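For reference, the structure discussed in these notes is given below.
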Amino acid sequence: MIQALSTQNISTPVLSVNLNKVALLRNSRGGVLPDPLQAARVAIDAGCGGITLHPRPDLRHARPQDARAMRALCRNVELNLEGNPYAGAGDRYPGFVPLLLECRPEQATLVPDGDAQLTSDHGWDLVTEAGRLRPLIAQLRDAGMRVSLFMDVDSPDIERAAELGADRIEIYTGPYAHAHAFGDAGAALDACARTAERAHAVGLKVNAGHDLDQHNLGPLLRHVPSISEVSIGHALINDALYDGLDLTVRRYLQAISAAA
Ligand code: PXP
């Protein structure tokens, strides 16, 4: 099996806790509970290194106001805002790039998701999108943000992410998680490792996210120890329903350090 082992890229991965699902629950009642900010405080106190939100134009979970409030809260941990950089202004939504420029998160993760998508389910095609993305990436980096591009494993465009000026890629780990759930993750792990190696070879750091949980996180990090950050929401909030958010975040952190 292949392992991505570039030693200069190895440090304990940061856990960025995605709080979209807390906002989704709040929005279902139209009130203020549960409060994503309170959840962020608990996650930060438990030791996570970052908070992620994905404020979509349809406002179905995290909203622009959540991003602004989270910006004010996240002073000692990283704020990561995910979204489609082409999402324009709408009712109570300023557009994703204007929101980024207002909030100035430490990291902007650019995702090619459509409005109708339930969740992000594929990475960028950087041949088609190079012309539009290059100036946007430059604009965000000039404003002080690290830019990460959501990419499929074995995409022919991994190297192109560096050419376009990105700092990182985020490997879409949905297919790996699916393979792991079916007990046959070897090929998917190799694909993640190959993809990470190609990214490191052109100077990119590597994040990972989607469908990661307490069971599949360790095998991924042991196989691809050069991953810099994992962004985890759905499974982590699921676990928190039973075990509490504080304990759950600590368990994910334990899984990360056990793998490191
Ligand atoms: N990374 C990206 C780009 C995402 O869109 C999401 C979902 O918001 C995640 C990571 C986290 O995925 P999950 O909720 O399955 O942990």
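If you're wondering about the labels, chains in the structure tokens are A, B, ... by order shown, residues count from 1 in each chain, ligands from 1 in order shown.
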
Exercise for the section: Just list the residues in range 28-57 of chain A DSSP gives alpha helix (DSSP H) on the backbone, as an MDAnalysis selection string. Expected result: chainID A and resid 28:29 36:45

May I have the residues from that selection written out with N, CA and C atoms, as a PDB file, in the first residue's frame?
```pdb
ATOM      1  N   SER A  28     -34.660  25.111  12.254  1.00  0.00           N
ATOM      2  CA  SER A  28     -35.887  24.323  12.130  1.00  0.00           C
ATOM      3  C   SER A  28     -37.001  24.866  13.027  1.00  0.00           C
ATOM      4  N   ARG A  29     -36.643  25.623  14.079  1.00  0.00           N
ATOM      5  CA  ARG A  29     -37.646  26.197  14.961  1.00  0.00           C
ATOM      6  C   ARG A  29     -37.757  27.713  14.813  1.00  0.00           C
ATOM      7  N   PRO A  36     -25.148  28.061  17.664  1.00  0.00           N
ATOM      8  CA  PRO A  36     -23.844  27.616  17.137  1.00  0.00           C
ATOM      9  C   PRO A  36     -22.665  28.237  17.883  1.00  0.00           C
ATOM     10  N   LEU A  37     -22.864  29.454  18.403  1.00  0.00           N
ATOM     11  CA  LEU A  37     -21.757  30.103  19.133  1.00  0.00           C
ATOM     12  C   LEU A  37     -21.448  29.372  20.427  1.00  0.00           C
ATOM     13  N   GLN A  38     -22.529  28.950  21.117  1.00  0.00           N
ATOM     14  CA  GLN A  38     -22.318  28.212  22.368  1.00  0.00           C
ATOM     15  C   GLN A  38     -21.634  26.887  22.056  1.00  0.00           C
ATOM     16  N   ALA A  39     -22.065  26.245  20.971  1.00  0.00           N
ATOM     17  CA  ALA A  39     -21.428  24.985  20.565  1.00  0.00           C
ATOM     18  C   ALA A  39     -19.952  25.225  20.251  1.00  0.00           C
ATOM     19  N   ALA A  40     -19.661  26.336  19.588  1.00  0.00           N
ATOM     20  CA  ALA A  40     -18.258  26.634  19.255  1.00  0.00           C
ATOM     21  C   ALA A  40     -17.433  26.821  20.525  1.00  0.00           C
ATOM     22  N   ARG A  41     -18.014  27.491  21.505  1.00  0.00           N
ATOM     23  CA  ARG A  41     -17.267  27.696  22.765  1.00  0.00           C
ATOM     24  C   ARG A  41     -16.928  26.354  23.410  1.00  0.00           C
ATOM     25  N   VAL A  42     -17.904  25.437  23.410  1.00  0.00           N
ATOM     26  CA  VAL A  42     -17.658  24.119  24.008  1.00  0.00           C
ATOM     27  C   VAL A  42     -16.568  23.385  23.217  1.00  0.00           C
ATOM     28  N   ALA A  43     -16.679  23.420  21.895  1.00  0.00           N
ATOM     29  CA  ALA A  43     -15.697  22.706  21.056  1.00  0.00           C
ATOM     30  C   ALA A  43     -14.297  23.293  21.251  1.00  0.00           C
ATOM     31  N   ILE A  44     -14.232  24.613  21.362  1.00  0.00           N
ATOM     32  CA  ILE A  44     -12.921  25.267  21.537  1.00  0.00           C
ATOM     33  C   ILE A  44     -12.355  24.918  22.922  1.00  0.00           C
ATOM     34  N   ASP A  45     -13.220  24.968  23.931  1.00  0.00           N
ATOM     35  CA  ASP A  45     -12.750  24.620  25.280  1.00  0.00           C
ATOM     36  C   ASP A  45     -12.293  23.158  25.346  1.00  0.00           C
TER      37      ASP A  45
END
```

At most 6 Å is the cut-off: for each residue in chain A with any atom that close to an atom of ligand 1, write down the nearest atom pair and the distance in Å rounded to one decimal, counting only C-alpha atoms and all ligand atoms, chain first then increasing number, as CSV.
```
residue,atom,partner,partner_atom_place_in_ligand_line,distance
A:His54,CA,ligand 1,8 (O),5.8
A:Val111,CA,ligand 1,3 (C),5.9
A:Thr119,CA,ligand 1,7 (C),5.9
A:Ser120,CA,ligand 1,5 (O),4.5
A:Phe150,CA,ligand 1,3 (C),6.0
A:Gly209,CA,ligand 1,10 (C),4.0
A:His210,CA,ligand 1,12 (O),3.5
A:Asp211,CA,ligand 1,15 (O),3.6
A:Leu212,CA,ligand 1,16 (O),5.5
A:Ser231,CA,ligand 1,10 (C),5.1
A:Ile232,CA,ligand 1,16 (O),3.6
A:Gly233,CA,ligand 1,14 (O),3.7
A:His234,CA,ligand 1,14 (O),3.7
A:Ala235,CA,ligand 1,16 (O),5.9
```

Keeping C-alpha atoms, export the residues of the selection given above as a PDB file, in the first residue's frame.
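File produced: part.pdb:
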```
ATOM      1  CA  HIS A  54     -20.556  26.669   5.247  1.00  0.00           C
ATOM      2  CA  VAL A 111     -16.247  24.288  -3.065  1.00  0.00           C
ATOM      3  CA  THR A 119     -23.977  18.659   0.660  1.00  0.00           C
ATOM      4  CA  SER A 120     -20.674  18.988  -1.218  1.00  0.00           C
ATOM      5  CA  PHE A 150     -11.994  20.975  -2.521  1.00  0.00           C
ATOM      6  CA  GLY A 209     -13.136  16.287   4.859  1.00  0.00           C
ATOM      7  CA  HIS A 210     -16.513  14.737   4.366  1.00  0.00           C
ATOM      8  CA  ASP A 211     -18.135  11.762   6.064  1.00  0.00           C
ATOM      9  CA  LEU A 212     -15.223  11.335   8.457  1.00  0.00           C
ATOM     10  CA  SER A 231     -13.019  19.174   8.903  1.00  0.00           C
ATOM     11  CA  ILE A 232     -15.784  17.143  10.502  1.00  0.00           C
ATOM     12  CA  GLY A 233     -19.444  17.975  11.072  1.00  0.00           C
ATOM     13  CA  HIS A 234     -22.228  15.490  10.502  1.00  0.00           C
ATOM     14  CA  ALA A 235     -20.864  12.450  12.362  1.00  0.00           C
TER      15      ALA A 235
END
```

Handout entry: Distance in Å - CA of Tyr252 in chain A versus CA of Asn18 in chain A
Key =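 Interatomic distance here is 12.8 Å.
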
Exercise for the section: Based on DSSP run over this structure's backbone, return all residues of range 104-160 of chain A in strand (DSSP E), as a list in words. Expected result: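 For range 104-160 of chain A, the strand (DSSP E) set is Gln107, Ala108, Thr109, Leu110, Arg146, Val147, Ser148, Leu149, Phe150 and Met151 of chain A.
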
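Nearest residue to Leu189 in chain A, choosing from A:Glu170, A:Val202, A:Leu221, A:Asp239 and counting only C-alpha atoms: A:Leu221.
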